[in-house]
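Heads up: the structure comes next, in structure tokens.
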Amino acid sequence: MKLLRELIFPLMAVLAAFIVGGILILLIGDNPIQAYKLLIFSALSWPDGIGYTLFHATPLIFTGLAVLVAFRCGLLNIGVEGQLYVAAFAAAWVGITMSQRSAWILVPLCFVAAIFAGGVWGAIPGVLKARFGSHEVINTIMLNFIGIALISYFVQYHYKVPGDPIMQSSEIGKGAHIARLGKFIPGLPERIPLNLAFLLALLCCVLVYYFLWRTKWGYELRSTGASPTAAEYGGISIRKQIVIAMTISGALAGMVGINEVMGYRYRYYDGFSDNYGFTGIAVALLGRNHPFGVIIAALLFGVLQHGGIYVDGFSEHVTKDIVQVLQGTIIIFVAAEAFFRGQFENFSLFKQSKV
Amino acid sequence: MKDLFTTALLWSTVRLATPLVLAAMGGLLSERSGVINIALEGMMLAGAFTAAAVTWAVGNPLIGLAAGMTAGLAIASIHALVSIRYKADQVVTGTAINILMLGMPAFLSGAFFLSSGSTPQIPREQLIPRLPIVAAFLIAVPLIWYVMYRTPFGLRLRAVGENPEAADAAGVGVARMRYWGVLLSGILAGLGGAYLSIGQSSLFTRNMTAGRGFIALAALIFGKWRPVQTMLACLLFGFTEAISIQMQGVVKLPSGEDIPVQFVQMVPYVLTIVVLAGFIGHSRPPRALGIPYQKER
Amino acid sequence: MLELRDISKRFGAVQANDRVSFKVETGTIHAIVGENGAGKSTIMRIAYGFYTADSGDILVEGQVRQISRPHDAIALGIGMVHQHFMLVDTMTVAENIVLGAEPGSAFALDLNTAAQRIRSLSEEFKLSVDPNAVIENLSVGQQQRVELLKALYRNARLLILDEPTAVLTPQEVDEFFVILRGMREQGKTIVIITHKLSEVLAISDEVTVMRDGKVVGNVQTKDTNAAELARLMVGREVLLRVEKPEAHVGEPRLKLNNFSVSATDGGKRVNQVSFEVRAGEIVGIAGVEGNGQTELIEALAGLVPASQLSGSISFEGHDITNEGARSRRERGIAHIPEDRHRRGLLLEFSLAENSILGVHYRPPVTSLGNIMLDNAAIQRRVNEIIQGFDVRPANSELPARALSGGNQQKLIIGREFKLNPKLLLVSQPTRGVDIGAIEFIHRKLVALRDAGCAVLLVSAELEEVTSLADRLLIIHKGNIVGEVDPKVATIEEIGLLMTRGH
């Protein structure tokens with residue numbers, strides 16, 4: 001019963017958002033049913049639809065987890081975008097600088113680079129909040145701009161292939177590549193970029209779950225988010241928790257770089273992130289800030305992401321920006337949960353005492 | 001170096017600070033009433049886009065300006081409704097609006113103008129002359145100061161942000177005052193955004209606010225939620241932007257090279273972080289800021 | 001003047017008021033008594049328009065009236081002074097008083113006219129206060145006067161006062177009663193909500209007793225006494241003092257030496273305090289709230305940064321002044337906090353998760369290399385607490401928020417007692433707790449003392465602290481101004497120390 005209640009409100013939020021989006025599509029002169037059909041079916045075909053959907057979902061699982069860990073500590077990490085860019089570049093840098101090494105050395109090193117860089121970029125606003133009390137929302141947004149500008153500088157002036165007009169770094173060494181899943185799954189061609197990072201993402205979900213709910217560290221983190229004053233009373237250091245949460249959050253965000261650089265483009269490509277950071281916020285909220293909810297929400301948004309590209313190409317007026325519009329609307333409806341709860345208060349199915 | 005500090009620089013500062021001041025004043029009204037407004041950025045974008053689109057369509061910048069302010073108002077009404085009536089987390093709602101505004105203008109411009117996010121160029125004569133807008137902000141600040149501290153409306157607004165229970169017990173409608181605060185912030189932020197697209201520039205480009213809404217919020221915090229101090233903070237940020245533009249191509253590194261553009265771009269953002277870290281400790285926000293008001297047993 | 005007829009109000013699953021009916025005669029002081037949760041605040045808030053009743057009528061001077069918001073009540077001449085003052089700290093007295101009824105036009109606030117009127121009202125009712133003073137700089141007594149002036153400014157003829165003496169010393173209470181009698185002479189009607197029987201008998205003309213949302217009694221004050229009122233309030237014979245055997249006192253456990261706690265603004269909240277607490281005794285600290293007790297206990301629990309402390313605290317001979325909350329708990333110092341919602345519980349978490357707060361980081365709660373939480377061990381622990389301390393409902397998966405105040409408190413007490421503490425710091429243990437639980441908690445505290453624990457008890461309820469403590473210290477403006485033997489000291493003696501400090 002409780003599970004049903006937990007699912008029903010996000011579901012309604014999604015439905016409501018689709019209705020709003022549908023109205024918008026109507027207003028600009030296209031057929032919403034057609035647009036939505038395109039959106040959904042293009043994402044569910046085999047092998048391309050499902051393959052690409054899962055590929056698009058991978059970074060969203062990472063960013064969703066990143067936002068969720070911070071949220072559980074009472075923090076809103078809007079800096080996921082900057083963290084993942086910095087981390088992706090770090091992974092690429094290692095891959096380029098040590099391109100001659102074998103996979104045994106390079107793969108773990110690139111992993112570490114991405115996780116470390118993301119963690120550091122996340123720790124900065126964490127420390128600023130712990131030490132000075134400055135709000136993480138503004139600091140992370142500022143660091144997004146700073147991080148992206150910084151990396152852009154490095155790529156433009158130092159790591160670009162000379163003469164290449166595209167803003168991207170040179171290729172990473174072969175040893176830093178990680179396998180595409182097409183290698184292991186029959187029927188899935190290797191041209192589809194779905195790679196091992198997807199499995200890593202699923203693993204991270206399990207790890208985050210265990211961390212938050214089965215370890216003492218997770219207990220301390222969640223307590224800080226639930227009630228800092230009570231946590232302090234229980235002997236927990238709030239400052240430490242803030243920094244830890246933001247660092248873990250940044251590290252998770254950083255793993256997006258693994259998917260992108262090591263499993264897909266094999267180089268750093270400026271602007272590779274299709275707003276993964278902000279979508280992560282939607283994913284976390286829709287997934288009720290729970291790792292398993294994040295998987296479902298990420299899959300949904302993966303469908304939207306892939307479908308959006310199709311809709312853009314195949315319909316007259318609708319562009320892929322409809323995806324952002326839907327995302328923003330979904331978050332608003334999820335945040336305004338009270339709106340739906342109010343309507344349901346009268347159904348006896350949902351009447352429970354006090355809880 | 002002497003060439004840097006000229007009247008042109010002063011004028012630049014004021015000009016660049018204008019959208020910040022307008023948005024920050026809006027933020028002030030909202031936050032003093034107790035509602036966190038992270039969505040200033042989104043409201044500015046709405047204003048910028050609508051003003052540009054309407055001005056191009058109609059040919060009249062004044063109508064475009066009004067349209068921009070209306071767009072800001074519309075977005076603000078979403079924030080107000082969800083935050084006040086449905087008691088959602090105000091930071092989440094604000095962020096959602098910002099995400100919405102990342103996509104909405106591009107979606108609409110794709111539909112109407114078949115472009116990837118920009119509106120078509122507006123001819124020179126149809127733009128807003130700069131002086132009146134700048135004058136507007138110089139009027140807005142004292143006006144808001146007067147309203148906040150010398151009228152009953154302002155007294156009630158401040159009370160609602162500090163201690164909504166007290167205001168309620170005194171017979172002041174808490175929700176009503178907060179709606180006023182948020183809706184007015186939408187109008188002002190929309191005006192600030194409109195200035196960007198049809199005053200300072202001649203079209204709307206994707207994400208043209210580039211974080212100004214957040215900088216305005218930082219200025220508000222730096223200015224301790226007071227009108228005059230906030231205006232000064234905005235001028236400071238305007239100054240850094242003006243200086244960084246002047247520096248490009250003029251100030252060089254010891255080796256003779258130009259400073260990479262990215263570093264110059266970073267300055268306002270770094271400054272915001274420094275300002276927040278340095279001064280936030282002494283700045284006390286309105287006590288009820290961010291806490292949805294409900295009568296609870 | 002005011003009549004309430006068959007008023008009912010439900011909050012979710014709780015029937016706060018159940019067909020409440022009574023009359024308040026003009027020009028009288030009418031008391032409404034009942035325990036916490038009896039519904040007395042609710043019914044008067046309905047009369048003031050803060051809440052709306054589900055059913056029933058409100059009659060003002062014989063006429064049925066709709067009161068759906070405070071605005072309506074104020075227009076009918078009803079004013080209310082709440083238990084927790086409804087004042088905006090950063091604004092001045094005048095601004096607070098006129099809020100909602102501002103003189104001048106919509107374009108210009110006229111505070112001078114307001115100040116004049118305030119001064120004349122101050123004179124008339126002997127409520128002296130400076131209209132231009134900022135609220136946060138005023139004392140509690142002065143703030144209360146501002147609240148009264150707020151109601152009088154709006155020409156209130158009926159004043160509702162919710163627990164007005166909670167923050168006053170016995171002497172201030174006498175002065176307050178003089179003011180109330182003065183108002184009655186001037187023709188005002190006063191309704192006073194309280195749970196302090198002695199005050200009801202001292203000041204009121206008529207009493208209405210409420211219990212569990214219903215009116216259970218309505219008498220003229222001169223016709224009744226404390227025992228009868230208490231019995232009506234509770235429904236059975238009430239033990240007004242706890243039975244307690246002789247204390248067997250051991251060696252000193254806690255020693256404070258010239259200990260001070262400063263606040264962030266530099267002012268000293270606790271000033272050069274020295275005393276000790278020995279094993280097997282309960283040391284009580286009596287004092288009006290706001291005299292440093294809160295800061296003292298928080299500092300002793302390790303929740304105040306060392307930079308704000310001076311002097312020393314030693315426990316069992318070790319200097320612990322600079323130790324944090326965790327290490328203090330490890331030494332055997334348990335803490336039952338004053339504010340259980342803020343400090344004592346993680347309201348959204350289950351009872352099980354709350355039961356390990358403070359011990360969550362070491363065995364037996366953890367296992368597998370001291371990292372993983374051992375769910376079986378946690379279940380055992382929470383069940384022991386639930387059984388041993390009669391926590392209801394007995395469901396360890398419920399969120400703490402779902403429990404009543406009394407049960408929440410029992411959970412916290414059970415959790416802290418499970419540490420087998422050597423020193424227990426306890427502050428306001430029975431605030432907001434129903435009488436059945438109060439007796440239970442008192443017995444548990446005495447039992448802990450008898451088992452050899454040292455107990456430091458802070459309470460604003462004089463009856464509680466005098467009946468439980470073996471030694472009683474009185475605190476005033478951060479200083480310990482005296483020590484008395486609670487078995488022989490009189491309320492007057494204690495009250496004097498609480499007010500004047502000597």
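Chain labels follow the order of the structure tokens: the first chain is A, the next B, and so on; residue numbering restarts at 1 in every chain, and ligands are counted from 1 in their shown order.
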Env of range 83-99 of chain C: 8 Å cut, atoms = only C-alpha atoms, seq-sep filter 5 positions within chain, self excluded. Answer as a PyMOL selection string. (chain B and resi 152+155-156+159+162-163+165-167+169-170+172) or (chain C and resi 111+114-115+118+130-136+143-144+146-147+149-150+153+161-164+166)
Contacts of Thr63 in chain A at 10 Å or less, counting only C-alpha atoms, minus same-chain residues fewer than 4 places along, as a PyMOL selection string? chain A and resi 57-59+67-69+77+80-81+83-84+201+249-256+276-284+294+298
Restricted to N, CA and C atoms, what would the selected residues look like written as an mmCIF file, in the first residue's frame?
```cif
data_model
loop_
_atom_site.group_PDB
_atom_site.id
_atom_site.type_symbol
_atom_site.label_atom_id
_atom_site.label_comp_id
_atom_site.auth_asym_id
_atom_site.auth_seq_id
_atom_site.Cartn_x
_atom_site.Cartn_y
_atom_site.Cartn_z
ATOM 1 N N ALA A 57 20.151 7.354 -20.497
ATOM 2 C CA ALA A 57 19.774 7.273 -19.079
ATOM 3 C C ALA A 57 21.001 7.203 -18.178
ATOM 4 N N THR A 58 22.105 6.669 -18.710
ATOM 5 C CA THR A 58 23.287 6.451 -17.863
ATOM 6 C C THR A 58 23.764 7.728 -17.158
ATOM 7 N N PRO A 59 24.059 8.811 -17.882
ATOM 8 C CA PRO A 59 24.507 9.994 -17.140
ATOM 9 C C PRO A 59 23.436 10.500 -16.177
ATOM 10 N N VAL A 67 22.533 14.300 -6.994
ATOM 11 C CA VAL A 67 21.594 15.246 -6.374
ATOM 12 C C VAL A 67 20.942 14.613 -5.155
ATOM 13 N N LEU A 68 20.634 13.343 -5.249
ATOM 14 C CA LEU A 68 19.934 12.678 -4.156
ATOM 15 C C LEU A 68 20.785 12.588 -2.895
ATOM 16 N N VAL A 69 22.073 12.287 -3.060
ATOM 17 C CA VAL A 69 22.935 12.206 -1.873
ATOM 18 C C VAL A 69 23.012 13.579 -1.187
ATOM 19 N N ASN A 77 22.390 20.489 -4.634
ATOM 20 C CA ASN A 77 23.596 20.596 -5.458
ATOM 21 C C ASN A 77 23.205 20.935 -6.893
ATOM 22 N N VAL A 80 26.037 20.178 -10.343
ATOM 23 C CA VAL A 80 26.364 18.895 -10.964
ATOM 24 C C VAL A 80 26.910 19.109 -12.375
ATOM 25 N N GLU A 81 26.339 20.089 -13.070
ATOM 26 C CA GLU A 81 26.775 20.365 -14.436
ATOM 27 C C GLU A 81 28.265 20.688 -14.461
ATOM 28 N N GLN A 83 30.470 20.078 -12.145
ATOM 29 C CA GLN A 83 31.258 18.960 -11.627
ATOM 30 C C GLN A 83 31.498 17.917 -12.707
ATOM 31 N N LEU A 84 30.487 17.644 -13.513
ATOM 32 C CA LEU A 84 30.690 16.594 -14.498
ATOM 33 C C LEU A 84 31.613 17.048 -15.636
ATOM 34 N N ALA A 201 26.721 2.464 -13.426
ATOM 35 C CA ALA A 201 25.661 3.304 -12.866
ATOM 36 C C ALA A 201 24.718 2.473 -11.993
ATOM 37 N N SER A 249 28.664 13.659 -3.670
ATOM 38 C CA SER A 249 27.781 14.111 -4.737
ATOM 39 C C SER A 249 28.580 14.467 -5.981
ATOM 40 N N GLY A 250 29.641 15.243 -5.787
ATOM 41 C CA GLY A 250 30.477 15.632 -6.920
ATOM 42 C C GLY A 250 31.132 14.432 -7.572
ATOM 43 N N ALA A 251 31.545 13.482 -6.744
ATOM 44 C CA ALA A 251 32.206 12.291 -7.290
ATOM 45 C C ALA A 251 31.248 11.500 -8.173
ATOM 46 N N LEU A 252 30.006 11.363 -7.711
ATOM 47 C CA LEU A 252 29.002 10.655 -8.510
ATOM 48 C C LEU A 252 28.763 11.386 -9.821
ATOM 49 N N ALA A 253 28.664 12.722 -9.711
ATOM 50 C CA ALA A 253 28.473 13.511 -10.925
ATOM 51 C C ALA A 253 29.628 13.283 -11.882
ATOM 52 N N GLY A 254 30.810 13.179 -11.292
ATOM 53 C CA GLY A 254 32.005 13.020 -12.120
ATOM 54 C C GLY A 254 31.997 11.746 -12.958
ATOM 55 N N MET A 255 31.281 10.750 -12.479
ATOM 56 C CA MET A 255 31.292 9.489 -13.225
ATOM 57 C C MET A 255 30.632 9.614 -14.593
ATOM 58 N N VAL A 256 29.885 10.681 -14.774
ATOM 59 C CA VAL A 256 29.323 10.922 -16.105
ATOM 60 C C VAL A 256 30.461 10.987 -17.115
ATOM 61 N N TYR A 276 22.657 17.540 -18.423
ATOM 62 C CA TYR A 276 22.540 16.375 -17.544
ATOM 63 C C TYR A 276 22.421 16.797 -16.089
ATOM 64 N N GLY A 277 23.124 17.847 -15.740
ATOM 65 C CA GLY A 277 23.145 18.289 -14.349
ATOM 66 C C GLY A 277 21.762 18.706 -13.872
ATOM 67 N N PHE A 278 21.122 19.556 -14.640
ATOM 68 C CA PHE A 278 19.810 20.036 -14.221
ATOM 69 C C PHE A 278 18.766 18.949 -14.311
ATOM 70 N N THR A 279 18.891 18.114 -15.340
ATOM 71 C CA THR A 279 17.961 16.991 -15.439
ATOM 72 C C THR A 279 18.106 16.086 -14.239
ATOM 73 N N GLY A 280 19.343 15.993 -13.718
ATOM 74 C CA GLY A 280 19.566 15.166 -12.531
ATOM 75 C C GLY A 280 18.685 15.590 -11.378
ATOM 76 N N ILE A 281 18.451 16.905 -11.284
ATOM 77 C CA ILE A 281 17.587 17.388 -10.215
ATOM 78 C C ILE A 281 16.178 16.846 -10.402
ATOM 79 N N ALA A 282 15.714 16.917 -11.660
ATOM 80 C CA ALA A 282 14.379 16.382 -11.938
ATOM 81 C C ALA A 282 14.315 14.896 -11.647
ATOM 82 N N VAL A 283 15.374 14.182 -12.049
ATOM 83 C CA VAL A 283 15.405 12.733 -11.833
ATOM 84 C C VAL A 283 15.355 12.408 -10.348
ATOM 85 N N ALA A 284 16.141 13.112 -9.563
ATOM 86 C CA ALA A 284 16.174 12.834 -8.125
ATOM 87 C C ALA A 284 14.816 13.107 -7.484
ATOM 88 N N VAL A 294 15.423 6.635 -8.652
ATOM 89 C CA VAL A 294 16.266 7.345 -9.609
ATOM 90 C C VAL A 294 16.422 6.545 -10.896
ATOM 91 N N ALA A 298 15.321 8.049 -14.293
ATOM 92 C CA ALA A 298 16.363 8.255 -15.315
ATOM 93 C C ALA A 298 15.957 7.575 -16.617
#
```
Define the interface residues of chain B facing chain C as those within 12 Å, counting only C-alpha atoms, and report them as a JSON list (two decimals) with N, CA and C atoms, in the first residue's frame.
```json
[["chain", "number", "residue", "atom", "x", "y", "z"],
["B", 143, "LEU", "N", 12.09, 54.64, -4.56],
["B", 143, "LEU", "CA", 10.66, 54.34, -4.46],
["B", 143, "LEU", "C", 10.44, 53.12, -3.60],
["B", 146, "TYR", "N", 11.07, 53.85, 0.00],
["B", 146, "TYR", "CA", 9.96, 54.58, 0.63],
["B", 146, "TYR", "C", 8.79, 53.63, 0.93],
["B", 147, "VAL", "N", 8.47, 52.81, -0.04],
["B", 147, "VAL", "CA", 7.33, 51.89, 0.16],
["B", 147, "VAL", "C", 7.61, 50.94, 1.32],
["B", 148, "MET", "N", 8.83, 50.42, 1.37],
["B", 148, "MET", "CA", 9.16, 49.45, 2.41],
["B", 148, "MET", "C", 9.11, 50.04, 3.81],
["B", 149, "TYR", "N", 9.59, 51.26, 3.96],
["B", 149, "TYR", "CA", 9.77, 51.79, 5.31],
["B", 149, "TYR", "C", 8.81, 52.88, 5.72],
["B", 150, "ARG", "N", 8.05, 53.40, 4.76],
["B", 150, "ARG", "CA", 7.20, 54.54, 5.12],
["B", 150, "ARG", "C", 5.74, 54.34, 4.78],
["B", 151, "THR", "N", 5.39, 53.16, 4.32],
["B", 151, "THR", "CA", 3.97, 52.95, 4.05],
["B", 151, "THR", "C", 3.48, 51.72, 4.81],
["B", 152, "PRO", "N", 2.16, 51.66, 5.05],
["B", 152, "PRO", "CA", 1.60, 50.48, 5.72],
["B", 152, "PRO", "C", 1.88, 49.21, 4.93],
["B", 153, "PHE", "N", 1.83, 49.30, 3.61],
["B", 153, "PHE", "CA", 2.08, 48.12, 2.79],
["B", 153, "PHE", "C", 3.45, 47.54, 3.11],
["B", 154, "GLY", "N", 4.44, 48.41, 3.16],
["B", 154, "GLY", "CA", 5.79, 47.96, 3.43],
["B", 154, "GLY", "C", 5.93, 47.37, 4.82],
["B", 155, "LEU", "N", 5.25, 47.99, 5.78],
["B", 155, "LEU", "CA", 5.30, 47.48, 7.15],
["B", 155, "LEU", "C", 4.75, 46.06, 7.20],
["B", 156, "ARG", "N", 3.63, 45.88, 6.53],
["B", 156, "ARG", "CA", 3.01, 44.56, 6.55],
["B", 156, "ARG", "C", 3.87, 43.55, 5.81],
["B", 157, "LEU", "N", 4.46, 43.98, 4.70],
["B", 157, "LEU", "CA", 5.31, 43.08, 3.93],
["B", 157, "LEU", "C", 6.47, 42.59, 4.79],
["B", 158, "ARG", "N", 7.09, 43.52, 5.48],
["B", 158, "ARG", "CA", 8.23, 43.16, 6.31],
["B", 158, "ARG", "C", 7.80, 42.26, 7.46],
["B", 159, "ALA", "N", 6.65, 42.56, 8.03],
["B", 159, "ALA", "CA", 6.17, 41.74, 9.15],
["B", 159, "ALA", "C", 5.94, 40.31, 8.69],
["B", 160, "VAL", "N", 5.35, 40.17, 7.52],
["B", 160, "VAL", "CA", 5.03, 38.85, 7.00],
["B", 160, "VAL", "C", 6.29, 38.02, 6.76],
["B", 161, "GLY", "N", 7.38, 38.72, 6.44],
["B", 161, "GLY", "CA", 8.63, 38.00, 6.21],
["B", 161, "GLY", "C", 9.36, 37.67, 7.50],
["B", 162, "GLU", "N", 9.16, 38.47, 8.53],
["B", 162, "GLU", "CA", 9.86, 38.24, 9.79],
["B", 162, "GLU", "C", 9.11, 37.28, 10.69],
["B", 163, "ASN", "N", 7.82, 37.53, 10.87],
["B", 163, "ASN", "CA", 7.02, 36.75, 11.81],
["B", 163, "ASN", "C", 5.59, 36.66, 11.30],
["B", 164, "PRO", "N", 5.35, 35.74, 10.37],
["B", 164, "PRO", "CA", 4.02, 35.66, 9.78],
["B", 164, "PRO", "C", 2.90, 35.37, 10.78],
["B", 165, "GLU", "N", 3.23, 34.64, 11.86],
["B", 165, "GLU", "CA", 2.19, 34.38, 12.87],
["B", 165, "GLU", "C", 1.73, 35.69, 13.49],
["B", 166, "ALA", "N", 2.70, 36.55, 13.80],
["B", 166, "ALA", "CA", 2.35, 37.84, 14.39],
["B", 166, "ALA", "C", 1.49, 38.65, 13.45],
["B", 167, "ALA", "N", 1.87, 38.65, 12.18],
["B", 167, "ALA", "CA", 1.10, 39.42, 11.20],
["B", 167, "ALA", "C", -0.32, 38.86, 11.08],
["B", 168, "ASP", "N", -0.40, 37.54, 11.04],
["B", 168, "ASP", "CA", -1.71, 36.90, 10.94],
["B", 168, "ASP", "C", -2.57, 37.25, 12.14],
["B", 169, "ALA", "N", -1.97, 37.19, 13.32],
["B", 169, "ALA", "CA", -2.72, 37.50, 14.53],
["B", 169, "ALA", "C", -3.18, 38.95, 14.53],
["B", 170, "ALA", "N", -2.43, 39.80, 13.84],
["B", 170, "ALA", "CA", -2.81, 41.22, 13.79],
["B", 170, "ALA", "C", -3.81, 41.48, 12.69],
["B", 171, "GLY", "N", -4.19, 40.43, 11.97],
["B", 171, "GLY", "CA", -5.21, 40.60, 10.95],
["B", 171, "GLY", "C", -4.66, 40.87, 9.55],
["B", 172, "VAL", "N", -3.36, 40.69, 9.37],
["B", 172, "VAL", "CA", -2.78, 40.92, 8.04],
["B", 172, "VAL", "C", -2.82, 39.61, 7.26],
["B", 173, "GLY", "N", -3.26, 39.66, 6.02],
["B", 173, "GLY", "CA", -3.32, 38.45, 5.21],
["B", 173, "GLY", "C", -1.94, 38.04, 4.75],
["B", 174, "VAL", "N", -1.41, 36.96, 5.33],
["B", 174, "VAL", "CA", -0.02, 36.57, 5.01],
["B", 174, "VAL", "C", 0.11, 36.16, 3.55],
["B", 177, "MET", "N", -0.04, 39.16, 1.11],
["B", 177, "MET", "CA", 1.16, 39.99, 1.05],
["B", 177, "MET", "C", 2.25, 39.28, 0.28],
["B", 281, "GLY", "N", 28.11, 35.82, 6.82],
["B", 281, "GLY", "CA", 28.03, 35.60, 8.26],
["B", 281, "GLY", "C", 27.35, 36.73, 8.98],
["B", 282, "HIS", "N", 27.50, 37.95, 8.45],
["B", 282, "HIS", "CA", 26.96, 39.10, 9.16],
["B", 282, "HIS", "C", 25.58, 39.49, 8.66],
["B", 284, "ARG", "N", 21.74, 38.99, 8.06],
["B", 284, "ARG", "CA", 20.63, 38.19, 8.57],
["B", 284, "ARG", "C", 19.42, 38.31, 7.65],
["B", 285, "PRO", "N", 19.00, 37.16, 7.10],
["B", 285, "PRO", "CA", 17.85, 37.22, 6.20],
["B", 285, "PRO", "C", 16.56, 37.42, 6.99],
["B", 286, "PRO", "N", 15.49, 37.77, 6.30],
["B", 286, "PRO", "CA", 14.19, 37.83, 6.98],
["B", 286, "PRO", "C", 13.92, 36.50, 7.66],
["B", 287, "ARG", "N", 13.46, 36.54, 8.89],
["B", 287, "ARG", "CA", 13.44, 35.33, 9.70],
["B", 287, "ARG", "C", 12.58, 34.22, 9.12],
["B", 288, "ALA", "N", 11.50, 34.58, 8.47],
["B", 288, "ALA", "CA", 10.61, 33.53, 7.96],
["B", 288, "ALA", "C", 10.92, 33.16, 6.52],
["B", 294, "GLN", "N", 1.91, 27.90, 7.47],
["B", 294, "GLN", "CA", 0.65, 27.22, 7.67],
["B", 294, "GLN", "C", 0.26, 27.30, 9.14],
["B", 295, "LYS", "N", -1.00, 27.40, 9.35],
["B", 295, "LYS", "CA", -1.51, 27.44, 10.70],
["B", 295, "LYS", "C", -1.49, 26.02, 11.23],
["B", 296, "GLU", "N", -0.59, 25.79, 12.16],
["B", 296, "GLU", "CA", -0.49, 24.43, 12.66],
["B", 296, "GLU", "C", -0.78, 24.41, 14.13],
["B", 297, "ARG", "N", -1.25, 23.34, 14.61],
["B", 297, "ARG", "CA", -1.58, 23.26, 16.02],
["B", 297, "ARG", "C", -0.32, 23.29, 16.86]]
```
Using only C-alpha atoms and a distance of at most 7 Å, pull out the residues of chain A that contact chain B, as an NGL selection string. :A and (28 or 128 or 132-134 or 138-139 or 142 or 146 or 149-150 or 153 or 278 or 317-319 or 321-322 or 324-325 or 328-329 or 331-332 or 335-336 or 338-339)
Which parts of range 80-305 of chain A does DSSP call alpha helix (DSSP H) when run on the backbone here, written out as an NGL selection string? :A and (80-97 or 103-132 or 136-154 or 197-214 or 216-226 or 228-233 or 238-254 or 256-257 or 276-286 or 291-305)
Please check the contacts: residues of chain A at most 8 Å away from chain C, using only C-alpha atoms, listed as a ChimeraX atom specification. /A:214-217,219,223,226-227,229-236,353-355
Produce a file of the selected residues containing N, CA and C atoms, as a compact mmCIF listing (two decimals), in the first residue's frame.
```
# COMPACT_ATOMS: atom_id res chain seq x y z
N ARG A 214 22.30 1.52 5.29
CA ARG A 214 22.82 0.40 6.05
C ARG A 214 24.12 0.69 6.77
N THR A 215 24.72 1.85 6.48
CA THR A 215 25.96 2.14 7.19
C THR A 215 25.73 3.27 8.18
N LYS A 216 26.66 3.35 9.13
CA LYS A 216 26.53 4.42 10.13
C LYS A 216 26.81 5.77 9.50
N TRP A 217 27.68 5.79 8.45
CA TRP A 217 27.97 7.07 7.79
C TRP A 217 26.72 7.61 7.11
N TYR A 219 23.72 6.97 7.97
CA TYR A 219 22.80 7.41 9.03
C TYR A 219 23.13 8.83 9.46
N SER A 223 20.68 11.98 8.95
CA SER A 223 20.24 12.70 10.15
C SER A 223 20.52 14.18 10.01
N ALA A 226 17.88 15.56 7.94
CA ALA A 226 16.55 15.54 8.55
C ALA A 226 16.44 16.60 9.63
N SER A 227 17.44 16.73 10.46
CA SER A 227 17.40 17.72 11.53
C SER A 227 18.82 17.99 12.02
N THR A 229 19.95 20.11 14.08
CA THR A 229 20.07 20.33 15.52
C THR A 229 20.04 19.01 16.28
N ALA A 230 19.17 18.09 15.85
CA ALA A 230 19.12 16.79 16.53
C ALA A 230 20.39 16.00 16.23
N ALA A 231 20.89 16.10 15.01
CA ALA A 231 22.11 15.38 14.65
C ALA A 231 23.27 15.86 15.52
N GLU A 232 23.32 17.17 15.71
CA GLU A 232 24.38 17.75 16.54
C GLU A 232 24.28 17.21 17.97
N TYR A 233 23.04 17.16 18.44
CA TYR A 233 22.79 16.61 19.78
C TYR A 233 23.30 15.18 19.86
N GLY A 234 23.17 14.44 18.75
CA GLY A 234 23.60 13.06 18.75
C GLY A 234 25.10 12.91 18.54
N GLY A 235 25.83 14.02 18.58
CA GLY A 235 27.27 13.93 18.49
C GLY A 235 27.81 13.95 17.06
N ILE A 236 26.96 14.29 16.09
CA ILE A 236 27.39 14.29 14.70
C ILE A 236 27.91 15.68 14.33
N SER A 353 -4.27 7.53 9.34
CA SER A 353 -4.18 8.45 10.47
C SER A 353 -2.78 8.98 10.63
N LYS A 354 -2.68 10.26 10.72
CA LYS A 354 -1.47 10.96 11.10
C LYS A 354 -0.25 10.76 10.20
N VAL A 355 0.05 9.59 9.69
CA VAL A 355 1.33 9.35 9.03
C VAL A 355 1.36 10.01 7.66
```
At a cut-off of 12 Å, using only C-alpha atoms, what residues contact Arg191 in chain A? Leave out same-chain residues fewer than 4 positions from it and give the result as a VMD selection string. chain A and resid 47 to 48 51 to 52 55 179 to 183 187 195 263 to 265
For CA of Arg5 in chain C and CA of Glu185 in chain C, determine how far apart the two atoms are, in Å to one decimal place. 27.6 Å
Please report the interatomic distance between CA of Leu39 in chain A and CA of Ile78 in chain A in Å with one decimal.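 Spanning CA of Leu39 in chain A to CA of Ile78 in chain A is a straight-line distance of 27.6 Å.
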